[in-house]
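Okay, work.cif now, which holds mmCIF, C-alpha atoms:
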```
data_input
loop_
_atom_site.label_atom_id
_atom_site.label_comp_id
_atom_site.auth_asym_id
_atom_site.auth_seq_id
_atom_site.Cartn_x
_atom_site.Cartn_y
_atom_site.Cartn_z
CA MET A 1 9.17 49.16 71.00
CA LYS A 2 11.63 50.74 68.57
CA LYS A 3 14.26 48.19 69.56
CA ILE A 4 11.97 45.25 68.94
CA ILE A 5 10.95 46.63 65.55
CA HIS A 6 14.64 47.09 64.73
CA TYR A 7 15.26 43.46 65.65
CA ILE A 8 12.42 42.19 63.48
CA PHE A 9 13.76 44.27 60.60
CA LEU A 10 17.19 42.72 61.12
CA LEU A 11 15.69 39.25 60.96
CA ALA A 12 13.94 40.13 57.71
CA LEU A 13 17.32 41.06 56.25
CA VAL A 14 19.02 37.94 57.56
CA PHE A 15 16.36 35.52 56.34
CA GLY A 16 15.13 37.34 53.26
CA GLY A 17 18.30 38.80 51.79
CA CYS A 18 20.86 36.21 52.82
CA THR A 19 21.15 32.89 51.05
CA ASP A 20 23.12 31.07 53.73
CA TYR A 21 21.04 32.11 56.72
CA LEU A 22 21.89 29.01 58.73
CA ASP A 23 25.50 30.19 59.02
CA LEU A 24 24.84 33.83 59.93
CA LYS A 25 24.32 35.50 63.29
CA PRO A 26 22.78 38.90 64.02
CA ASP A 27 25.31 41.54 65.07
CA ALA A 28 25.80 41.07 68.82
CA LYS A 29 25.99 44.86 69.28
CA LEU A 30 22.40 45.33 68.18
CA ALA A 31 19.61 45.41 70.74
CA VAL A 32 18.28 41.88 71.21
CA PRO A 33 14.83 41.29 72.75
CA LYS A 34 15.06 39.82 76.23
CA THR A 35 11.83 40.58 78.09
CA LEU A 36 8.46 38.87 78.26
CA GLU A 37 6.93 41.82 76.45
CA HIS A 38 9.51 41.49 73.66
CA ALA A 39 8.75 37.78 73.31
CA ASP A 40 5.03 38.51 73.09
CA LEU A 41 5.62 41.12 70.39
CA LEU A 42 7.68 38.71 68.31
CA LEU A 43 4.72 36.32 68.13
CA ASN A 44 2.52 39.24 67.06
CA ASP A 45 4.55 39.66 63.85
CA TYR A 46 1.70 38.46 61.62
CA SER A 47 3.55 38.80 58.30
CA THR A 48 6.28 36.45 59.56
CA MET A 49 4.37 34.02 61.77
CA ASN A 50 1.11 33.59 59.82
CA THR A 51 1.92 34.18 56.15
CA GLY A 52 4.30 33.03 53.43
CA TYR A 53 4.19 29.27 53.99
CA THR A 54 5.23 26.85 51.24
CA ASN A 55 2.84 26.76 48.25
CA LEU A 56 4.35 23.86 46.27
CA GLY A 57 1.70 21.34 47.31
CA GLU A 58 -1.10 23.65 46.23
CA ILE A 59 0.53 24.29 42.87
CA ALA A 60 1.02 20.55 42.27
CA SER A 61 -2.51 19.51 43.30
CA ASP A 62 -5.38 18.49 41.02
CA ASP A 63 -8.12 20.93 42.02
CA TYR A 64 -7.33 23.25 39.12
CA TYR A 65 -5.62 23.48 35.75
CA LEU A 66 -3.81 26.14 33.69
CA THR A 67 -4.33 26.91 30.04
CA ASP A 68 -1.31 26.76 27.75
CA ALA A 69 -1.21 30.55 27.64
CA ASP A 70 -1.45 31.03 31.40
CA TRP A 71 1.20 28.38 32.10
CA GLY A 72 3.49 30.04 29.57
CA ALA A 73 2.89 33.43 31.18
CA LEU A 74 4.11 32.33 34.62
CA TYR A 75 7.31 34.21 35.36
CA GLU A 76 8.38 31.92 38.23
CA GLU A 77 10.15 28.91 36.75
CA ASP A 78 9.57 26.99 40.00
CA GLU A 79 5.81 27.35 39.51
CA ARG A 80 6.01 26.15 35.92
CA SER A 81 8.05 23.07 36.80
CA THR A 82 6.02 22.25 39.92
CA TYR A 83 2.80 22.36 37.90
CA THR A 84 4.12 19.60 35.61
CA TRP A 85 5.72 17.60 38.45
CA SER A 86 9.13 18.08 36.87
CA SER A 87 12.29 16.80 38.53
CA GLN A 88 13.84 20.21 37.98
CA ILE A 89 15.46 21.55 41.11
CA ILE A 90 13.63 24.28 43.06
CA THR A 91 15.55 27.56 43.06
CA ALA A 92 13.40 29.83 45.27
CA THR A 93 14.85 29.46 48.77
CA THR A 94 11.81 31.25 50.24
CA GLN A 95 9.82 28.02 49.88
CA TRP A 96 12.09 26.64 52.60
CA GLN A 97 13.23 29.79 54.39
CA ASN A 98 9.81 31.20 55.22
CA PRO A 99 8.57 28.37 57.46
CA TYR A 100 12.01 28.05 59.02
CA LYS A 101 11.92 31.75 59.78
CA VAL A 102 8.83 30.95 61.86
CA VAL A 103 10.77 28.16 63.56
CA TYR A 104 13.65 30.54 64.27
CA MET A 105 11.35 33.15 65.77
CA ALA A 106 9.60 30.53 67.93
CA ASN A 107 12.98 29.28 69.16
CA GLN A 108 14.08 32.85 69.85
CA VAL A 109 10.94 33.42 71.94
CA LEU A 110 11.54 30.23 73.93
CA ASP A 111 15.14 31.26 74.52
CA ILE A 112 14.00 34.63 75.84
CA LEU A 113 11.45 33.00 78.12
CA ASN A 114 14.08 30.70 79.61
CA GLY A 115 15.73 33.82 81.00
CA VAL A 116 12.57 35.49 82.26
CA ASP A 117 10.97 35.22 85.70
CA LYS A 118 7.57 33.74 84.86
CA SER A 119 6.09 34.93 88.17
CA GLN A 120 6.06 38.52 86.93
CA ASP A 121 3.07 37.69 84.72
CA LYS A 122 2.33 33.96 84.67
CA VAL A 123 -0.75 34.29 82.43
CA LYS A 124 1.16 36.07 79.69
CA TYR A 125 4.22 33.85 80.16
CA ASP A 126 2.16 30.71 79.69
CA LYS A 127 0.38 32.10 76.64
CA VAL A 128 3.65 33.07 74.95
CA TRP A 129 5.35 29.79 75.88
CA GLY A 130 2.43 27.79 74.48
CA GLY A 131 2.21 30.03 71.42
CA ALA A 132 5.86 29.55 70.50
CA HIS A 133 5.49 25.76 70.61
CA PHE A 134 2.31 25.98 68.54
CA TYR A 135 3.97 28.07 65.82
CA ARG A 136 6.95 25.73 65.67
CA ALA A 137 4.68 22.70 65.37
CA PHE A 138 2.59 24.33 62.64
CA ALA A 139 5.66 25.41 60.64
CA PHE A 140 7.34 22.00 60.93
CA HIS A 141 4.14 20.33 59.74
CA GLN A 142 3.84 22.63 56.74
CA VAL A 143 7.41 21.75 55.75
CA ALA A 144 6.78 18.03 56.25
CA ARG A 145 3.59 18.07 54.19
CA ASN A 146 5.49 19.54 51.23
CA PHE A 147 9.00 18.10 51.45
CA THR A 148 8.58 14.54 52.77
CA LEU A 149 6.95 11.37 51.53
CA PRO A 150 3.65 10.27 53.10
CA TYR A 151 3.81 8.94 56.63
CA LYS A 152 3.67 5.16 56.93
CA ALA A 153 4.07 3.74 60.41
CA GLU A 154 6.02 0.73 59.16
CA THR A 155 8.65 2.79 57.28
CA ALA A 156 8.68 6.16 59.07
CA ARG A 157 11.86 5.38 60.98
CA GLN A 158 13.74 4.77 57.73
CA GLU A 159 12.29 7.63 55.65
CA MET A 160 13.88 11.07 55.61
CA GLY A 161 12.13 13.76 57.58
CA ILE A 162 13.05 17.42 57.96
CA PRO A 163 15.65 19.34 59.99
CA LEU A 164 14.36 19.83 63.52
CA ARG A 165 15.94 23.08 64.59
CA LEU A 166 15.13 23.49 68.27
CA SER A 167 17.38 26.39 69.27
CA PRO A 168 17.80 29.91 67.85
CA GLY A 169 21.48 29.41 67.11
CA LEU A 170 22.43 30.10 63.51
CA ASP A 171 25.92 28.65 63.57
CA TYR A 172 25.17 24.95 63.15
CA LYS A 173 24.23 23.13 60.00
CA SER A 174 20.90 21.42 59.52
CA VAL A 175 20.59 17.64 59.67
CA ARG A 176 17.56 15.73 58.44
CA SER A 177 15.74 13.72 61.08
CA SER A 178 13.76 10.59 60.28
CA LEU A 179 10.11 10.99 59.31
CA GLU A 180 9.16 9.35 62.62
CA GLU A 181 11.26 11.85 64.59
CA THR A 182 9.76 14.70 62.58
CA TYR A 183 6.19 13.79 63.42
CA GLN A 184 6.97 13.02 67.05
CA GLN A 185 8.50 16.48 67.44
CA ILE A 186 5.45 18.12 65.87
CA ILE A 187 3.19 16.18 68.23
CA ALA A 188 5.36 17.04 71.24
CA ASP A 189 5.23 20.75 70.39
CA TYR A 190 1.45 20.75 69.95
CA LYS A 191 1.03 18.88 73.25
CA GLU A 192 3.27 21.38 75.02
CA ALA A 193 1.22 24.19 73.51
CA LEU A 194 -1.98 22.58 74.80
CA GLN A 195 -0.74 22.73 78.38
CA TYR A 196 -0.17 26.47 78.29
CA LEU A 197 -2.35 28.12 75.65
CA PRO A 198 -5.49 29.91 76.86
CA THR A 199 -8.93 28.49 76.19
CA ARG A 200 -9.87 31.80 74.57
CA GLU A 201 -7.70 34.29 72.70
CA VAL A 202 -8.84 37.83 71.95
CA MET A 203 -6.23 38.33 69.22
CA ALA A 204 -7.53 36.68 66.06
CA ALA A 205 -4.08 35.77 64.72
CA ARG A 206 -2.84 34.03 67.85
CA PRO A 207 -3.45 30.35 68.72
CA HIS A 208 -5.50 28.92 71.60
CA LYS A 209 -6.29 25.43 72.90
CA ALA A 210 -8.91 24.59 70.28
CA ALA A 211 -6.43 25.49 67.53
CA ALA A 212 -3.80 23.19 69.06
CA TYR A 213 -6.29 20.32 69.18
CA ALA A 214 -7.17 21.03 65.53
CA GLY A 215 -3.49 21.02 64.59
CA LEU A 216 -2.99 17.69 66.33
CA ALA A 217 -6.08 16.22 64.66
CA ARG A 218 -4.64 17.23 61.28
CA VAL A 219 -1.27 15.69 62.12
CA TYR A 220 -2.77 12.42 63.33
CA LEU A 221 -4.94 12.24 60.19
CA ASP A 222 -1.83 12.57 58.02
CA MET A 223 -0.28 9.76 60.11
CA GLN A 224 -3.48 7.70 59.73
CA ASP A 225 -3.67 7.39 63.51
CA TYR A 226 -7.45 7.54 63.49
CA GLU A 227 -8.14 7.01 67.20
CA LYS A 228 -6.00 9.99 68.18
CA ALA A 229 -7.29 12.12 65.32
CA TYR A 230 -10.85 11.46 66.47
CA GLY A 231 -10.06 12.28 70.10
CA CYS A 232 -8.38 15.57 69.20
CA ALA A 233 -11.21 16.55 66.86
CA GLU A 234 -13.72 15.92 69.62
CA GLU A 235 -11.73 17.94 72.17
CA CYS A 236 -11.43 20.82 69.72
CA LEU A 237 -15.16 20.94 69.04
CA LYS A 238 -15.95 20.79 72.75
CA LEU A 239 -14.01 24.03 73.14
CA TYR A 240 -15.16 25.76 69.96
CA ASN A 241 -17.55 24.52 67.26
CA LYS A 242 -18.93 27.52 65.38
CA LEU A 243 -19.78 27.18 61.70
CA ILE A 244 -20.82 29.85 59.23
CA LEU A 245 -24.36 29.55 57.89
CA TYR A 246 -23.54 29.98 54.22
CA GLU A 247 -27.07 31.20 53.51
CA SER A 248 -26.16 34.36 55.40
CA LEU A 249 -23.35 35.27 52.97
CA ASP A 250 -23.52 37.34 49.80
CA SER A 251 -22.32 35.33 46.81
CA GLU A 252 -22.14 38.51 44.72
CA GLN A 253 -19.16 39.72 46.74
CA ALA A 254 -15.74 39.46 45.12
CA PHE A 255 -14.53 37.66 48.26
CA PRO A 256 -17.53 36.51 50.32
CA PHE A 257 -15.56 35.33 53.38
CA VAL A 258 -14.11 37.87 55.77
CA ARG A 259 -10.66 37.31 57.20
CA PHE A 260 -10.70 35.88 60.74
CA ASN A 261 -14.29 34.68 60.26
CA ASP A 262 -16.10 32.58 62.88
CA GLU A 263 -14.74 29.26 61.59
CA VAL A 264 -11.07 30.25 61.72
CA LEU A 265 -9.21 28.65 64.61
CA PHE A 266 -5.79 29.78 63.39
CA PRO A 267 -5.12 31.90 60.26
CA ALA A 268 -2.23 31.14 57.92
CA THR A 269 -1.55 31.60 54.21
CA VAL A 270 1.01 30.43 51.68
CA MET A 271 3.28 32.55 49.52
CA LEU A 272 1.74 34.62 46.75
CA SER A 273 1.47 32.59 43.56
CA ASN A 274 0.20 33.45 40.10
CA ALA A 275 -0.35 29.78 39.24
CA ILE A 276 -3.01 29.34 41.91
CA SER A 277 -4.47 32.84 41.78
CA GLN A 278 -8.12 33.24 40.87
CA TYR A 279 -7.23 34.80 37.51
CA TYR A 280 -4.91 32.01 36.35
CA ALA A 281 -6.14 28.82 38.02
CA LYS A 282 -9.19 27.28 36.34
CA VAL A 283 -11.13 25.07 38.74
CA SER A 284 -11.18 21.43 37.68
CA ASP A 285 -14.33 20.40 35.80
CA GLU A 286 -14.27 17.13 37.76
CA LEU A 287 -14.48 19.12 40.99
CA LEU A 288 -17.13 21.55 39.77
CA ASP A 289 -19.38 18.64 38.78
CA MET A 290 -19.33 17.36 42.36
CA TYR A 291 -21.50 20.23 43.67
CA ALA A 292 -25.20 19.36 43.59
CA ASP A 293 -28.16 21.70 43.27
CA GLY A 294 -28.64 23.74 46.41
CA ASP A 295 -24.98 23.54 47.43
CA LEU A 296 -24.23 27.13 48.38
CA ARG A 297 -20.50 26.57 48.06
CA ARG A 298 -20.83 26.60 44.27
CA ASP A 299 -21.69 30.32 44.11
CA LEU A 300 -19.65 31.34 47.16
CA TYR A 301 -16.44 29.60 46.08
CA PHE A 302 -16.41 30.21 42.33
CA GLN A 303 -16.73 33.02 39.83
CA SER A 304 -17.10 32.73 36.08
CA ASN A 305 -14.01 33.90 34.24
CA GLY A 306 -14.87 36.89 32.10
CA ASP A 307 -12.54 35.89 29.26
CA ASN A 308 -13.96 32.39 29.20
CA GLU A 309 -17.36 31.97 30.82
CA ALA A 310 -17.12 28.19 30.58
CA THR A 311 -14.34 28.21 33.19
CA TYR A 312 -14.30 29.29 36.81
CA GLY A 313 -11.85 30.81 39.24
CA PHE A 314 -11.80 30.37 43.01
CA LYS A 315 -12.94 33.28 45.18
CA GLY A 316 -13.72 31.44 48.42
CA SER A 317 -10.53 32.16 50.34
CA TYR A 318 -10.89 32.35 54.10
CA ASP A 319 -8.18 35.00 53.97
CA ASN A 320 -10.29 37.24 51.71
CA THR A 321 -7.55 37.28 49.06
CA GLY A 322 -7.01 35.84 45.59
CA GLY A 323 -3.45 34.57 45.30
CA GLN A 324 -2.39 33.35 48.74
CA PRO A 325 -4.46 30.28 49.65
CA PHE A 326 -5.50 29.87 53.27
CA VAL A 327 -3.79 26.92 54.97
CA GLY A 328 -4.82 27.66 58.54
CA LEU A 329 -7.07 25.64 60.82
CA THR A 330 -10.87 25.84 60.84
CA THR A 331 -13.80 24.19 62.56
CA SER A 332 -15.10 22.97 59.19
CA GLU A 333 -11.91 20.96 58.68
CA VAL A 334 -12.23 19.54 62.20
CA TYR A 335 -15.82 18.41 61.53
CA LEU A 336 -14.59 16.67 58.38
CA ILE A 337 -11.76 14.97 60.28
CA LYS A 338 -14.21 13.75 62.90
CA ALA A 339 -16.55 12.48 60.20
CA GLU A 340 -13.86 10.66 58.23
CA VAL A 341 -12.04 9.00 61.11
CA GLY A 342 -15.36 8.32 62.80
CA VAL A 343 -16.56 6.12 59.97
CA ARG A 344 -13.12 4.48 59.71
CA LEU A 345 -13.40 3.57 63.40
CA GLY A 346 -16.94 2.23 63.05
CA LYS A 347 -18.48 5.24 64.82
CA VAL A 348 -21.04 5.66 62.07
CA GLU A 349 -23.62 7.64 64.04
CA GLU A 350 -20.97 10.08 65.24
CA ALA A 351 -19.64 10.42 61.70
CA LEU A 352 -23.14 11.12 60.39
CA SER A 353 -23.72 13.73 63.07
CA ALA A 354 -20.47 15.51 62.17
CA ILE A 355 -21.02 15.54 58.41
CA ASN A 356 -24.68 16.57 58.72
CA THR A 357 -23.78 19.41 61.09
CA LEU A 358 -21.40 20.74 58.46
CA LEU A 359 -23.69 20.21 55.47
CA LYS A 360 -26.66 21.85 57.18
CA ASN A 361 -24.59 25.04 57.12
CA ARG A 362 -23.56 24.57 53.49
CA ILE A 363 -26.74 23.50 51.69
CA ASP A 364 -29.76 25.66 50.96
CA ALA A 365 -32.46 24.78 53.51
CA ASP A 366 -34.90 23.96 50.70
CA TYR A 367 -32.47 21.32 49.39
CA PHE A 368 -30.91 19.97 52.54
CA THR A 369 -31.60 16.32 53.36
CA PRO A 370 -29.56 14.71 56.14
CA VAL A 371 -27.14 11.99 55.10
CA THR A 372 -28.48 8.63 56.33
CA GLU A 373 -25.97 6.29 54.70
CA PHE A 374 -24.98 3.55 57.17
CA ASP A 375 -22.84 1.49 54.81
CA GLY A 376 -19.30 2.31 55.90
CA GLU A 377 -17.74 2.02 52.46
CA ARG A 378 -20.22 4.34 50.76
CA LEU A 379 -20.27 6.77 53.68
CA LEU A 380 -16.48 7.06 53.65
CA LYS A 381 -16.52 7.87 49.92
CA LEU A 382 -19.21 10.49 50.50
CA ILE A 383 -17.25 12.13 53.33
CA LEU A 384 -14.02 12.19 51.33
CA ASP A 385 -15.90 13.87 48.48
CA GLU A 386 -17.25 16.45 50.91
CA ARG A 387 -13.75 16.99 52.24
CA ARG A 388 -12.50 17.78 48.75
CA LYS A 389 -15.43 20.10 48.00
CA GLU A 390 -15.02 21.96 51.29
CA LEU A 391 -11.24 22.26 51.57
CA LEU A 392 -10.10 23.14 48.07
CA PHE A 393 -7.31 25.71 48.03
CA ARG A 394 -6.86 25.19 51.78
CA GLY A 395 -3.53 23.36 51.68
CA SER A 396 -5.06 19.93 52.32
CA ARG A 397 -5.42 18.31 48.91
CA TRP A 398 -1.73 17.45 48.43
CA ALA A 399 -1.54 15.81 51.87
CA ASP A 400 -4.82 13.99 51.19
CA LEU A 401 -3.53 12.60 47.89
CA LYS A 402 -0.38 11.36 49.63
CA ARG A 403 -2.26 9.39 52.29
CA LEU A 404 -5.20 8.24 50.14
CA ASN A 405 -2.86 6.89 47.47
CA GLN A 406 -1.85 4.26 50.01
CA ASP A 407 -5.38 2.83 49.80
CA GLU A 408 -6.25 0.82 46.67
CA ARG A 409 -9.77 2.22 46.78
CA PHE A 410 -8.66 5.83 46.40
CA LYS A 411 -5.45 5.77 44.35
CA LYS A 412 -5.39 8.40 41.64
CA THR A 413 -3.07 9.21 38.74
CA LEU A 414 -2.90 12.96 38.12
CA THR A 415 -2.58 14.29 34.57
CA ARG A 416 -1.96 17.67 32.94
CA THR A 417 -1.98 18.56 29.25
CA LEU A 418 0.07 21.47 27.90
CA ASP A 419 0.77 22.23 24.24
CA GLY A 420 -0.43 18.75 23.31
CA ARG A 421 1.89 17.02 25.75
CA THR A 422 0.51 15.01 28.68
CA TYR A 423 2.22 14.97 32.07
CA SER A 424 1.38 12.36 34.71
CA LEU A 425 1.98 11.84 38.42
CA GLU A 426 1.54 8.24 39.49
CA PRO A 427 0.21 7.25 42.93
CA ASN A 428 2.94 7.01 45.57
CA SER A 429 5.48 8.66 43.27
CA LEU A 430 8.67 9.92 44.89
CA LYS A 431 7.64 13.32 43.50
CA TYR A 432 5.11 13.66 46.32
CA ALA A 433 8.12 14.90 48.31
CA HIS A 434 9.14 18.13 46.60
CA LEU A 435 12.82 18.73 46.03
CA ILE A 436 14.48 20.95 48.63
CA PRO A 437 15.85 24.18 47.07
CA ASP A 438 19.30 23.70 45.60
CA LEU A 439 21.01 26.44 47.59
CA VAL A 440 19.78 24.97 50.87
CA MET A 441 21.23 21.63 49.89
CA SER A 442 24.62 22.99 48.88
CA GLU A 443 24.99 24.98 52.10
CA SER A 444 23.87 22.21 54.43
CA ASP A 445 25.15 19.01 52.79
CA MET A 446 21.83 17.33 53.62
CA PRO A 447 20.66 14.44 51.41
CA GLN A 448 18.18 15.52 48.75
CA ASN A 449 14.81 13.84 48.27
CA LYS A 450 15.03 10.87 45.91
CA ARG A 451 13.92 10.86 42.31
#
```
Give the structure from the file, written as structure tokens.
Amino acid sequence: MKKIIHYIFLLALVFGGCTDYLDLKPDAKLAVPKTLEHADLLLNDYSTMNTGYTNLGEIASDDYYLTDADWGALYEEDERSTYTWSSQIITATTQWQNPYKVVYMANQVLDILNGVDKSQDKVKYDKVWGGAHFYRAFAFHQVARNFTLPYKAETARQEMGIPLRLSPGLDYKSVRSSLEETYQQIIADYKEALQYLPTREVMAARPHKAAAYAGLARVYLDMQDYEKAYGCAEECLKLYNKLILYESLDSEQAFPFVRFNDEVLFPATVMLSNAISQYYAKVSDELLDMYADGDLRRDLYFQSNGDNEATYGFKGSYDNTGGQPFVGLTTSEVYLIKAEVGVRLGKVEEALSAINTLLKNRIDADYFTPVTEFDGERLLKLILDERRKELLFRGSRWADLKRLNQDERFKKTLTRTLDGRTYSLEPNSLKYAHLIPDLVMSESDMPQNKR
């Protein structure tokens, strides 16, 4: 155990304190994990595998705003420039390093397993093998959502994707794949995970089959492959479909949702950020106005700001924290995916069943009336509104804007106003792919995202 802890500490130094981590190797004299038990322990490193994902999409989204004073008080220049959709280069390498640290660890685990006799404990071997592929898929997808343009089937082979590092070696430079190759690798990893992950997992932080189906449903939704998104959502809910009855929660609590609650299929959070913390970020008035009487989310998600009672901060994190938004997978998101793609596929009754199942657990019983809208156009708009109300500060809004901007019905220009100056982000702007940190670019010679 001491050796494995020593190894994890070494990795923290390599990835956290070294700028050119792609060209460094751990000291060969140090103890390197090589057993099934070691591999299992590496996946249990919650702070590495489940936290610290890229927060740029959340900072750039439209679910909140900053006052002039709060924007000026941000000490991270990357947060200030991301908020205004500036073309200024990102300097914090952690935005890129953190998810690739997950990829490295997953690759290290797979490398260990290739040298282990699986017959010694096939159940554990399969769980770890599936888990490593799941984590790699999840991390790759988080990078793609933030650093690539929206997926379009007709152009994905020509668009730039992300580096697909598939081995733990640190002595080769990264090369950007195409966007098509990126998404096919993510899908392949999730499918491999599905073959080996257990149906149930006693450890709350570790993935299982339902989580892998949820991850795939999310990926296929981003790709606008609605048939496959629907199938994966259905398979997920067959395995696990619990929802929290919001009437059972105490809205007076500072953070009403416990970590690892019944809806969480896989927990993950982004890096700590002041910009999107509950004390800085003021929830958009446009969004607040969307919650009708009897919607329990209004009191459970928001708190009045003491310094300005006309504004509200977000307290509804599924991680029970205030500055690291939850970007993991939940049953509520899966119900929304099933509802949205269901109506897009003409499965109106199935879509209604999914959205009503969710809303029955969100609306006060005295106010709840089942949705009975059978017009596909109006029902789709209603479901997309519910998606926004449900999944704010969950890492989905940026990806949703990217794909919905491709539809004339849902295009949206984002605006911010600071010190009397207005900033805008047009639909389908190249800025929907954040710039890769400068140091990563200079060390790898990869092409930067276009501006």
Considering only C-alpha atoms, return as an MDAnalysis selection string whatever protein or nucleic-acid residues lie within 9 Å of Thr48 of chain A, sequence-local ones (same chain, fewer than 3 positions apart) excluded.
chainID A and resid 12 43:45 51:52 98:99 101:102 105
Export of prior selection with C-alpha atoms as an mmCIF file, in the frame of the given file:
```cif
data_model
loop_
_atom_site.group_PDB
_atom_site.id
_atom_site.type_symbol
_atom_site.label_atom_id
_atom_site.label_comp_id
_atom_site.auth_asym_id
_atom_site.auth_seq_id
_atom_site.Cartn_x
_atom_site.Cartn_y
_atom_site.Cartn_z
ATOM 1 C CA ALA A 12 13.940 40.130 57.710
ATOM 2 C CA LEU A 43 4.720 36.320 68.130
ATOM 3 C CA ASN A 44 2.520 39.240 67.060
ATOM 4 C CA ASP A 45 4.550 39.660 63.850
ATOM 5 C CA THR A 51 1.920 34.180 56.150
ATOM 6 C CA GLY A 52 4.300 33.030 53.430
ATOM 7 C CA ASN A 98 9.810 31.200 55.220
ATOM 8 C CA PRO A 99 8.570 28.370 57.460
ATOM 9 C CA LYS A 101 11.920 31.750 59.780
ATOM 10 C CA VAL A 102 8.830 30.950 61.860
ATOM 11 C CA MET A 105 11.350 33.150 65.770
#
```
Around (-5.1, 26.8, 58.6) in the file's frame, which residues reach within 12 Å when counting all atoms listed in the file? Return as a ChimeraX atom specification?
/A:50-51,53,135,138-139,141-142,205-207,211-212,214-215,218,259-260,263-270,317-319,325-334,391,393-396
Exercise: Leu272 of chain A partners within 12 Å, all atoms listed in the file, chain neighbours under 2 positions left out, as a compact mmCIF listing (two decimals) with C-alpha atoms, in the frame of the given file:
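out27.txt was written with the following content:
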```
# COMPACT_ATOMS: atom_id res chain seq x y z
CA THR A 51 1.92 34.18 56.15
CA GLY A 52 4.30 33.03 53.43
CA TYR A 53 4.19 29.27 53.99
CA THR A 54 5.23 26.85 51.24
CA ASN A 55 2.84 26.76 48.25
CA LEU A 56 4.35 23.86 46.27
CA GLU A 58 -1.10 23.65 46.23
CA ILE A 59 0.53 24.29 42.87
CA GLU A 76 8.38 31.92 38.23
CA GLU A 79 5.81 27.35 39.51
CA THR A 94 11.81 31.25 50.24
CA GLN A 95 9.82 28.02 49.88
CA THR A 269 -1.55 31.60 54.21
CA VAL A 270 1.01 30.43 51.68
CA ASN A 274 0.20 33.45 40.10
CA ALA A 275 -0.35 29.78 39.24
CA ILE A 276 -3.01 29.34 41.91
CA SER A 277 -4.47 32.84 41.78
CA GLN A 278 -8.12 33.24 40.87
CA THR A 321 -7.55 37.28 49.06
CA GLY A 322 -7.01 35.84 45.59
CA GLY A 323 -3.45 34.57 45.30
CA GLN A 324 -2.39 33.35 48.74
CA PRO A 325 -4.46 30.28 49.65
CA PHE A 326 -5.50 29.87 53.27
```
Could you check the closest approach to Asp117 of chain A for each of A:Thr35, A:Ser248, A:Ser353, A:Asn361 and tell me which residue wins, using all atoms listed in the file?
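The answer is A:Thr35, which sits nearest to Asp117 of chain A.
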Counting only C-alpha atoms, what is within 10 Å of Leu288 of chain A, bar same-chain residues fewer than 4 positions away, as a list of chain:residue names?
A:Asp63, A:Tyr64, A:Val283, A:Ser284, A:Ala292, A:Arg298, A:Phe302, A:Thr311, A:Tyr312, A:Lys389
Produce a file of the selected residues containing C-alpha atoms, as a PDB file, in the coordinates of the input.
```pdb
ATOM      1  CA  ASP A  63      -8.120  20.930  42.020  1.00  0.00           C
ATOM      2  CA  TYR A  64      -7.330  23.250  39.120  1.00  0.00           C
ATOM      3  CA  VAL A 283     -11.130  25.070  38.740  1.00  0.00           C
ATOM      4  CA  SER A 284     -11.180  21.430  37.680  1.00  0.00           C
ATOM      5  CA  ALA A 292     -25.200  19.360  43.590  1.00  0.00           C
ATOM      6  CA  ARG A 298     -20.830  26.600  44.270  1.00  0.00           C
ATOM      7  CA  PHE A 302     -16.410  30.210  42.330  1.00  0.00           C
ATOM      8  CA  THR A 311     -14.340  28.210  33.190  1.00  0.00           C
ATOM      9  CA  TYR A 312     -14.300  29.290  36.810  1.00  0.00           C
ATOM     10  CA  LYS A 389     -15.430  20.100  48.000  1.00  0.00           C
TER      11      LYS A 389
END
```
Using all atoms listed in the file, can you tell me which of A:Asp111, A:Glu340, A:Asp364, A:Asp126 comes closest to Lys381 of chain A?
A:Glu340
